[in-house]
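Coordinates as given in query.cif (mmCIF, C-alpha atoms):
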```cif
data_model
loop_
_atom_site.label_atom_id
_atom_site.label_comp_id
_atom_site.auth_asym_id
_atom_site.auth_seq_id
_atom_site.Cartn_x
_atom_site.Cartn_y
_atom_site.Cartn_z
CA MET A 29 -14.11 -9.75 14.50
CA ASN A 30 -10.53 -9.00 13.49
CA LEU A 31 -9.62 -8.61 9.83
CA ASP A 32 -6.66 -10.96 10.04
CA GLY A 33 -4.30 -9.50 7.44
CA LYS A 34 -1.51 -11.89 8.32
CA ALA A 35 -3.58 -15.00 7.63
CA VAL A 36 -5.06 -13.61 4.42
CA ALA A 37 -1.65 -12.42 3.21
CA ASN A 38 -0.19 -15.91 3.71
CA LYS A 39 -2.97 -17.39 1.57
CA ILE A 40 -2.25 -14.86 -1.18
CA LEU A 41 1.50 -15.47 -1.01
CA ASP A 42 0.93 -19.23 -1.32
CA ARG A 43 -1.18 -18.63 -4.43
CA ILE A 44 1.44 -16.31 -5.92
CA LYS A 45 4.13 -18.94 -5.29
CA GLN A 46 2.14 -21.49 -7.27
CA GLU A 47 1.55 -19.06 -10.13
CA VAL A 48 5.20 -17.95 -10.27
CA ALA A 49 6.29 -21.57 -10.51
CA LEU A 50 4.14 -21.94 -13.63
CA ASN A 51 5.35 -18.73 -15.32
CA GLY A 52 7.50 -19.04 -18.41
CA LYS A 53 9.67 -16.12 -17.32
CA LYS A 54 10.78 -15.73 -13.71
CA PRO A 55 9.89 -12.32 -12.28
CA HIS A 56 12.85 -10.22 -11.15
CA LEU A 57 12.30 -7.30 -8.78
CA ALA A 58 15.01 -4.64 -8.47
CA VAL A 59 14.82 -2.51 -5.31
CA ILE A 60 16.87 0.68 -5.04
CA LEU A 61 17.76 1.88 -1.55
CA VAL A 62 19.46 5.27 -1.27
CA GLY A 63 21.13 6.14 2.02
CA ASN A 64 21.13 4.43 5.41
CA ASP A 65 17.63 5.00 6.79
CA SER A 66 17.17 2.17 9.32
CA ALA A 67 13.40 1.88 8.83
CA SER A 68 13.84 1.70 5.06
CA GLU A 69 16.46 -1.03 5.44
CA ILE A 70 13.97 -3.08 7.49
CA TYR A 71 11.21 -2.56 4.91
CA VAL A 72 13.51 -3.62 2.09
CA LYS A 73 14.63 -6.72 4.00
CA ASN A 74 10.97 -7.70 4.57
CA LYS A 75 10.25 -7.28 0.86
CA GLN A 76 13.25 -9.47 0.03
CA LYS A 77 12.01 -12.20 2.36
CA ALA A 78 8.54 -12.10 0.81
CA ALA A 79 10.00 -12.25 -2.70
CA GLU A 80 12.13 -15.27 -1.79
CA LYS A 81 9.09 -16.97 -0.25
CA VAL A 82 7.11 -16.79 -3.50
CA GLY A 83 10.02 -17.50 -5.85
CA ILE A 84 10.57 -13.99 -7.20
CA LEU A 85 14.17 -13.02 -7.88
CA SER A 86 15.07 -9.87 -5.97
CA THR A 87 18.08 -7.62 -6.28
CA VAL A 88 18.74 -4.80 -3.81
CA ILE A 89 20.83 -1.96 -5.18
CA LYS A 90 22.24 0.08 -2.30
CA LEU A 91 23.40 3.59 -3.16
CA PRO A 92 25.13 6.01 -0.80
CA GLU A 93 23.40 9.01 0.76
CA THR A 94 25.54 11.25 -1.47
CA THR A 95 24.08 9.80 -4.68
CA THR A 96 22.96 12.64 -6.94
CA GLN A 97 19.57 12.80 -8.56
CA ASP A 98 21.13 12.39 -12.01
CA GLU A 99 23.01 9.30 -10.86
CA LEU A 100 19.80 7.78 -9.50
CA LEU A 101 17.90 8.57 -12.69
CA THR A 102 20.67 6.97 -14.74
CA LYS A 103 20.43 3.80 -12.65
CA ILE A 104 16.64 3.71 -13.11
CA GLN A 105 17.05 4.06 -16.87
CA GLU A 106 19.50 1.16 -16.88
CA LEU A 107 16.90 -0.99 -15.13
CA ASN A 108 14.15 0.20 -17.49
CA ASN A 109 16.28 -1.03 -20.40
CA ASN A 110 17.24 -4.32 -18.75
CA ASP A 111 14.90 -7.03 -20.06
CA ASP A 112 15.88 -9.35 -17.20
CA VAL A 113 14.36 -6.92 -14.68
CA THR A 114 10.55 -7.09 -14.66
CA GLY A 115 9.83 -4.78 -11.73
CA ILE A 116 11.45 -1.69 -10.20
CA LEU A 117 10.88 -0.22 -6.75
CA VAL A 118 12.65 2.83 -5.31
CA GLN A 119 12.37 2.74 -1.54
CA LEU A 120 11.01 5.97 -0.04
CA PRO A 121 11.82 8.31 1.57
CA LEU A 122 14.72 9.59 -0.48
CA PRO A 123 17.43 11.99 0.72
CA GLU A 124 16.23 15.60 0.71
CA HIS A 125 18.39 16.64 -2.26
CA ILE A 126 16.56 14.20 -4.56
CA ASP A 127 13.15 15.10 -6.00
CA LYS A 128 10.82 12.16 -5.38
CA ASN A 129 8.45 13.04 -8.25
CA SER A 130 11.26 13.11 -10.79
CA VAL A 131 12.39 9.68 -9.64
CA VAL A 132 8.90 8.13 -9.68
CA THR A 133 8.18 9.58 -13.12
CA ALA A 134 11.38 8.05 -14.52
CA ILE A 135 10.29 4.46 -13.83
CA SER A 136 8.71 2.58 -16.73
CA ALA A 137 4.95 2.17 -16.10
CA LYS A 138 5.24 -1.52 -16.98
CA LYS A 139 7.89 -2.02 -14.27
CA ASP A 140 6.36 0.32 -11.68
CA VAL A 141 5.34 -2.26 -9.07
CA ASP A 142 4.39 0.51 -6.61
CA GLY A 143 1.79 1.84 -9.06
CA PHE A 144 2.95 5.43 -8.51
CA THR A 145 3.92 6.58 -12.02
CA PRO A 146 1.69 9.17 -13.74
CA GLU A 147 0.64 6.62 -16.35
CA ASN A 148 -0.53 4.07 -13.78
CA VAL A 149 -2.18 6.75 -11.63
CA GLY A 150 -3.85 8.28 -14.69
CA ARG A 151 -5.14 4.97 -15.98
CA LEU A 152 -6.67 4.26 -12.58
CA ALA A 153 -8.26 7.73 -12.44
CA ILE A 154 -10.01 7.46 -15.81
CA GLY A 155 -11.22 3.92 -15.29
CA LEU A 156 -8.64 2.00 -17.31
CA GLU A 157 -6.80 -0.98 -15.87
CA PRO A 158 -3.40 0.24 -14.62
CA TYR A 159 -0.42 -2.03 -15.08
CA TYR A 160 -0.16 -2.04 -11.28
CA TYR A 161 -2.46 -0.93 -8.48
CA PRO A 162 -0.85 0.80 -5.47
CA ALA A 163 -0.03 -1.91 -2.96
CA THR A 164 -1.79 -0.69 0.19
CA PRO A 165 -5.18 0.15 -1.36
CA GLN A 166 -5.09 -3.08 -3.37
CA GLY A 167 -4.27 -4.99 -0.19
CA ILE A 168 -7.20 -3.40 1.62
CA ILE A 169 -9.61 -4.33 -1.17
CA MET A 170 -8.34 -7.93 -1.13
CA LEU A 171 -8.72 -8.06 2.67
CA LEU A 172 -12.32 -6.81 2.53
CA ASP A 173 -13.13 -9.25 -0.27
CA GLU A 174 -11.73 -12.16 1.73
CA TYR A 175 -14.27 -11.41 4.47
CA ASN A 176 -17.08 -10.91 1.93
CA ILE A 177 -17.60 -7.30 2.98
CA GLN A 178 -19.95 -5.62 0.52
CA LEU A 179 -18.47 -2.60 -1.23
CA GLU A 180 -21.16 -1.98 -3.82
CA GLY A 181 -23.54 0.64 -2.44
CA ALA A 182 -21.58 0.99 0.83
CA ASP A 183 -20.97 4.41 2.37
CA VAL A 184 -17.21 4.62 2.89
CA VAL A 185 -15.22 7.31 4.66
CA VAL A 186 -11.53 7.47 3.76
CA ILE A 187 -9.46 9.56 6.18
CA GLY A 188 -6.36 10.91 4.46
CA ARG A 189 -5.71 12.04 0.89
CA SER A 190 -2.14 10.91 0.23
CA ASN A 191 -1.01 9.78 -3.20
CA ILE A 192 0.01 6.44 -1.68
CA VAL A 193 -3.27 5.50 0.04
CA GLY A 194 -6.08 8.06 0.16
CA LYS A 195 -6.39 9.11 -3.48
CA PRO A 196 -5.97 5.67 -5.09
CA MET A 197 -8.25 4.19 -2.41
CA LEU A 198 -10.95 6.60 -3.53
CA GLN A 199 -10.60 5.53 -7.16
CA MET A 200 -10.59 1.82 -6.37
CA LEU A 201 -13.68 2.11 -4.16
CA LEU A 202 -15.52 4.09 -6.81
CA LYS A 203 -14.66 1.34 -9.30
CA ARG A 204 -16.43 -1.07 -6.94
CA ASN A 205 -19.52 1.21 -6.83
CA ALA A 206 -19.07 2.44 -3.27
CA THR A 207 -20.10 5.96 -2.25
CA VAL A 208 -16.95 7.61 -0.91
CA THR A 209 -16.26 10.61 1.31
CA VAL A 210 -12.62 11.63 1.67
CA CYS A 211 -11.76 13.47 4.90
CA HIS A 212 -8.57 15.41 5.66
CA SER A 213 -7.17 18.14 7.89
CA TYR A 214 -9.52 20.76 6.44
CA THR A 215 -12.68 18.64 6.73
CA LYS A 216 -15.40 20.15 8.92
CA ASP A 217 -17.33 18.00 11.38
CA ILE A 218 -15.28 14.90 10.60
CA GLU A 219 -16.73 13.01 13.58
CA ASN A 220 -20.28 13.07 12.21
CA LYS A 221 -19.07 11.99 8.78
CA ILE A 222 -17.38 8.97 10.35
CA LYS A 223 -20.57 8.14 12.27
CA THR A 224 -22.53 7.74 9.02
CA ALA A 225 -20.05 5.34 7.38
CA ASP A 226 -20.55 1.64 6.78
CA ILE A 227 -16.77 1.37 6.28
CA VAL A 228 -14.04 3.63 7.69
CA ILE A 229 -10.50 3.51 6.27
CA SER A 230 -8.02 5.69 8.13
CA ALA A 231 -4.52 6.46 6.82
CA VAL A 232 -3.08 9.54 8.49
CA GLY A 233 -0.54 8.30 11.05
CA LYS A 234 -2.14 9.72 14.17
CA LYS A 235 -4.96 8.75 16.53
CA VAL A 236 -8.14 10.04 14.87
CA VAL A 237 -10.83 7.36 15.33
CA ARG A 238 -12.02 6.92 18.89
CA CYS A 239 -14.84 5.49 20.97
CA LYS A 240 -18.40 6.44 19.90
CA MET A 241 -17.20 7.84 16.57
CA VAL A 242 -18.21 4.79 14.51
CA LYS A 243 -21.59 3.37 13.56
CA LYS A 244 -22.71 0.13 15.19
CA ASN A 245 -21.62 -2.93 13.16
CA SER A 246 -19.47 -0.88 10.82
CA VAL A 247 -16.13 -2.00 9.34
CA VAL A 248 -12.96 -0.16 10.37
CA VAL A 249 -9.65 -0.50 8.53
CA ASP A 250 -6.63 1.01 10.29
CA VAL A 251 -3.80 1.84 7.88
CA GLY A 252 -1.79 4.02 10.23
CA ILE A 253 1.16 2.59 12.13
CA PHE A 254 3.43 4.54 14.45
CA ARG A 255 4.92 4.38 17.94
CA ASP A 256 3.07 5.99 20.83
CA ALA A 257 4.52 7.76 23.86
CA ASN A 258 5.30 4.37 25.39
CA ASN A 259 7.15 3.25 22.24
CA GLN A 260 4.38 0.76 21.45
CA LEU A 261 3.20 0.16 17.89
CA THR A 262 -0.27 1.58 17.39
CA GLY A 263 -2.52 2.92 14.66
CA ASP A 264 -5.03 5.63 13.79
CA VAL A 265 -7.83 3.80 15.62
CA ASP A 266 -8.26 3.47 19.39
CA TYR A 267 -8.70 -0.27 18.97
CA ALA A 268 -9.69 -1.10 22.56
CA THR A 269 -12.71 1.21 22.59
CA VAL A 270 -13.71 1.11 18.92
CA ALA A 271 -13.62 -2.69 18.40
CA GLU A 272 -16.70 -3.32 20.55
CA SER A 273 -18.84 -1.25 18.16
CA THR A 274 -17.65 -2.82 14.93
CA ALA A 275 -18.53 -5.90 12.93
CA TYR A 276 -14.94 -6.06 11.62
CA ILE A 277 -11.78 -4.16 12.51
CA SER A 278 -8.16 -4.51 11.41
CA PRO A 279 -5.56 -4.69 14.18
CA VAL A 280 -2.21 -2.90 14.26
CA PRO A 281 0.08 -4.69 13.72
CA GLY A 282 -1.21 -7.70 11.79
CA GLY A 283 -3.86 -6.05 9.66
CA VAL A 284 -3.04 -3.89 6.65
CA GLY A 285 0.76 -4.25 6.89
CA PRO A 286 0.98 -7.91 5.79
CA MET A 287 -1.61 -7.22 3.08
CA THR A 288 0.54 -4.43 1.65
CA ILE A 289 3.49 -6.82 1.32
CA ALA A 290 1.30 -9.52 -0.26
CA SER A 291 -0.14 -6.96 -2.67
CA LEU A 292 3.34 -5.79 -3.63
CA MET A 293 4.36 -9.39 -4.33
CA LEU A 294 1.25 -9.80 -6.48
CA ASN A 295 2.43 -6.80 -8.49
CA ALA A 296 6.01 -8.03 -8.61
CA SER A 297 4.87 -11.42 -9.93
CA LYS A 298 3.51 -9.85 -13.13
CA VAL A 299 5.68 -9.97 -16.23
CA TYR A 300 4.89 -7.63 -19.13
#
```
Would you mind writing the file out in structure tokens?
Amino acid sequence: MNLDGKAVANKILDRIKQEVALNGKKPHLAVILVGNDSASEIYVKNKQKAAEKVGILSTVIKLPETTTQDELLTKIQELNNNDDVTGILVQLPLPEHIDKNSVVTAISAKKDVDGFTPENVGRLAIGLEPYYYPATPQGIIMLLDEYNIQLEGADVVVIGRSNIVGKPMLQMLLKRNATVTVCHSYTKDIENKIKTADIVISAVGKKVVRCKMVKKNSVVVDVGIFRDANNQLTGDVDYATVAESTAYISPVPGGVGPMTIASLMLNASKVY
């Protein structure tokens, strides 16, 4: 059975819209886009559409490719100090001359809707409630919950250890009492580790999960999305051959992607 991220995301967005309408203060998301990366422009436009759908004010601040790091940090500080702005998102990637970590660190933890600041990451790591959970891992948890997939006691393999997905996914699964193995490019015998998993979550951006690698009736969540040699959108999982062995599998597109947007809107709807 497909994990229908699009359908679940629409349900979540409808709920957020109702909650935003009842809020005393209207959420206001400020998105900073530096440069002219075409993919980033599409992502930002999609976030704007989702914000409008749920009644969140959104402002896109476009800065030229030549913007210096100090200029960007100054803009972030202005937004930190602006009480009308409740959430800040800096679209990645940034131009090479700007240090991403310095930019992320500069955002107020209470406006960090991506959940990437050291304070939010640290709170998650030590078991405290962060102000915001990272959008993709939070979206995956919500998707699994919607289908009543048991996390407590489950053996989960997470493929990939990025700060955006892999590491926070580990922490969030541990919080739900799952037993988690994180695999990466240095992992030995990764195929046999995948075969033992009740749930496989892959987030590496290349084809790594193939036929006969997964346990019968397991759950497979495909986070990766990229274009193959035929310019077709695909994911980390060879869907056609893996799906027949699974109880649930997320398609690409239509699985984790819509859930990430819905999760981001959930974050953006919060007002501290």
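Ranking A:Met200, A:Ser273, A:Gly181, A:Met293 by their shortest atom-to-atom distance to A:Leu117, with only C-alpha atoms included, puts A:Met293 first.
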Evaluate the PyMOL selection byres ((chain A and resi 209-213) around 9) and report residues as a PyMOL selection string: chain A and resi 183-189+194-195+198+207-208+214-216+218+221+225+232
With C-alpha atoms kept, could you save the residues just selected as an mmCIF file, keeping the file's coordinate frame?
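selection_31.cif, written as the output of this step:
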```cif
data_model
loop_
_atom_site.group_PDB
_atom_site.id
_atom_site.type_symbol
_atom_site.label_atom_id
_atom_site.label_comp_id
_atom_site.auth_asym_id
_atom_site.auth_seq_id
_atom_site.Cartn_x
_atom_site.Cartn_y
_atom_site.Cartn_z
ATOM 1 C CA ASP A 183 -20.970 4.410 2.370
ATOM 2 C CA VAL A 184 -17.210 4.620 2.890
ATOM 3 C CA VAL A 185 -15.220 7.310 4.660
ATOM 4 C CA VAL A 186 -11.530 7.470 3.760
ATOM 5 C CA ILE A 187 -9.460 9.560 6.180
ATOM 6 C CA GLY A 188 -6.360 10.910 4.460
ATOM 7 C CA ARG A 189 -5.710 12.040 0.890
ATOM 8 C CA GLY A 194 -6.080 8.060 0.160
ATOM 9 C CA LYS A 195 -6.390 9.110 -3.480
ATOM 10 C CA LEU A 198 -10.950 6.600 -3.530
ATOM 11 C CA THR A 207 -20.100 5.960 -2.250
ATOM 12 C CA VAL A 208 -16.950 7.610 -0.910
ATOM 13 C CA TYR A 214 -9.520 20.760 6.440
ATOM 14 C CA THR A 215 -12.680 18.640 6.730
ATOM 15 C CA LYS A 216 -15.400 20.150 8.920
ATOM 16 C CA ILE A 218 -15.280 14.900 10.600
ATOM 17 C CA LYS A 221 -19.070 11.990 8.780
ATOM 18 C CA ALA A 225 -20.050 5.340 7.380
ATOM 19 C CA VAL A 232 -3.080 9.540 8.490
#
```
Sphere at (17.0, 0.1, -3.8), radius 6 Å, counting only C-alpha atoms: residues as an MDAnalysis selection string: chainID A and resid 59:61 88:90 118:119
Of the listed residues A:Thr145, A:Thr288, A:Gln46, A:Thr274, that which approaches A:Leu171 most closely, counting all atoms listed in the file: A:Thr288
Expansion of the PyMOL selection byres ((chain A and resi 121) around 10) into residues, as JSON, numbers by chain: {"A": [61, 62, 63, 65, 67, 68, 118, 119, 120, 122, 123, 124, 126, 128]}
Which residue of A:Asn51, A:Gln178, A:Asn220, A:Thr164 approaches A:Asp250 most closely, using only C-alpha atoms: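 Checking each candidate against A:Asp250, we get A:Thr164 as the closest.
Candidate residues A:Leu50, A:Leu261, A:Met197, A:Ile169 were compared for distance to A:Leu31, and the nearest is A:Ile169, using all atoms listed in the file.
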Polymer residues at most 9 Å from A:Leu101, all atoms listed in the file, same-chain spacing of 5 or more positions, as a PyMOL selection string: chain A and resi 96+106+130-131+134-135
Neighbour list for A:Val36 as a PyMOL selection string, cut-off 10 Å, only C-alpha atoms, skip fewer than 4 positions in-chain: chain A and resi 31-32+40-41+167+170-171+174-175+283+286-287+290
Interatomic distance, atom CA of A:Lys234 to atom CA of A:Ile253 (Å, one decimal):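 Separating atom CA of A:Lys234 from atom CA of A:Ile253 is a distance of 8.1 Å.
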Pick from A:His125, A:Lys240, A:His56, A:Lys139 nearest to A:Gln76, counting all atoms listed in the file: A:His56
Two-atom distance - atom CA of A:Val113, atom CA of A:Leu57 (Å):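 A separation of 6.3 Å between them.
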Result set of the PyMOL selection byres ((chain A and resi 237) around 9) on the coordinates above, as an NGL selection string: :A and (219 or 222 or 230 or 235-236 or 238-242 or 264-267 or 270)
Pick from A:Ser291, A:Asn64, A:Asn148, A:Asn191 nearest to A:Leu91, counting only C-alpha atoms: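 Looking at the shortest contact to A:Leu91, the residue is A:Asn64.
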Would you pick out the contacts of A:Pro162 at 9 Å or less, using only C-alpha atoms, so that residues sharing its chain but fewer than 6 positions from it are not included, and give the list as a compact mmCIF listing (two decimals) with C-alpha atoms, keeping the file's coordinate frame?
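And here is the file that came out, around_24.txt:
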```
# COMPACT_ATOMS: atom_id res chain seq x y z
CA VAL A 141 5.34 -2.26 -9.07
CA ASP A 142 4.39 0.51 -6.61
CA GLY A 143 1.79 1.84 -9.06
CA PHE A 144 2.95 5.43 -8.51
CA ASN A 148 -0.53 4.07 -13.78
CA VAL A 149 -2.18 6.75 -11.63
CA ILE A 192 0.01 6.44 -1.68
CA VAL A 193 -3.27 5.50 0.04
CA PRO A 196 -5.97 5.67 -5.09
CA MET A 197 -8.25 4.19 -2.41
CA THR A 288 0.54 -4.43 1.65
CA SER A 291 -0.14 -6.96 -2.67
CA LEU A 292 3.34 -5.79 -3.63
CA ASN A 295 2.43 -6.80 -8.49
```
Separation of atom CA of A:Asn38 from atom CA of A:Ser246 in Å: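 Atom CA of A:Asn38 lies at a distance of 25.5 Å from atom CA of A:Ser246.
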Protein and nucleic acid residues near (-16.3, -3.0, -5.4) (cut-off 6 Å, all atoms listed in the file) as a PyMOL selection string: chain A and resi 179-180+201+204-205
Shell around A:Asp111 at 12 Å using only C-alpha atoms, local window under 6 positions removed, as a VMD selection string: chain A and resid 53 to 58 105 136 138 to 139 299 to 300
Listed atoms of stretch 82-93 of chain A boxed along x, y and z, 5 Å each side, centre and edge lengths in Å, one decimal, as lines of an AutoDock Vina configuration file:
```
center_x = 16.1
center_y = -4.2
center_z = -3.6
size_x = 28.0
size_y = 36.5
size_z = 18.6
```
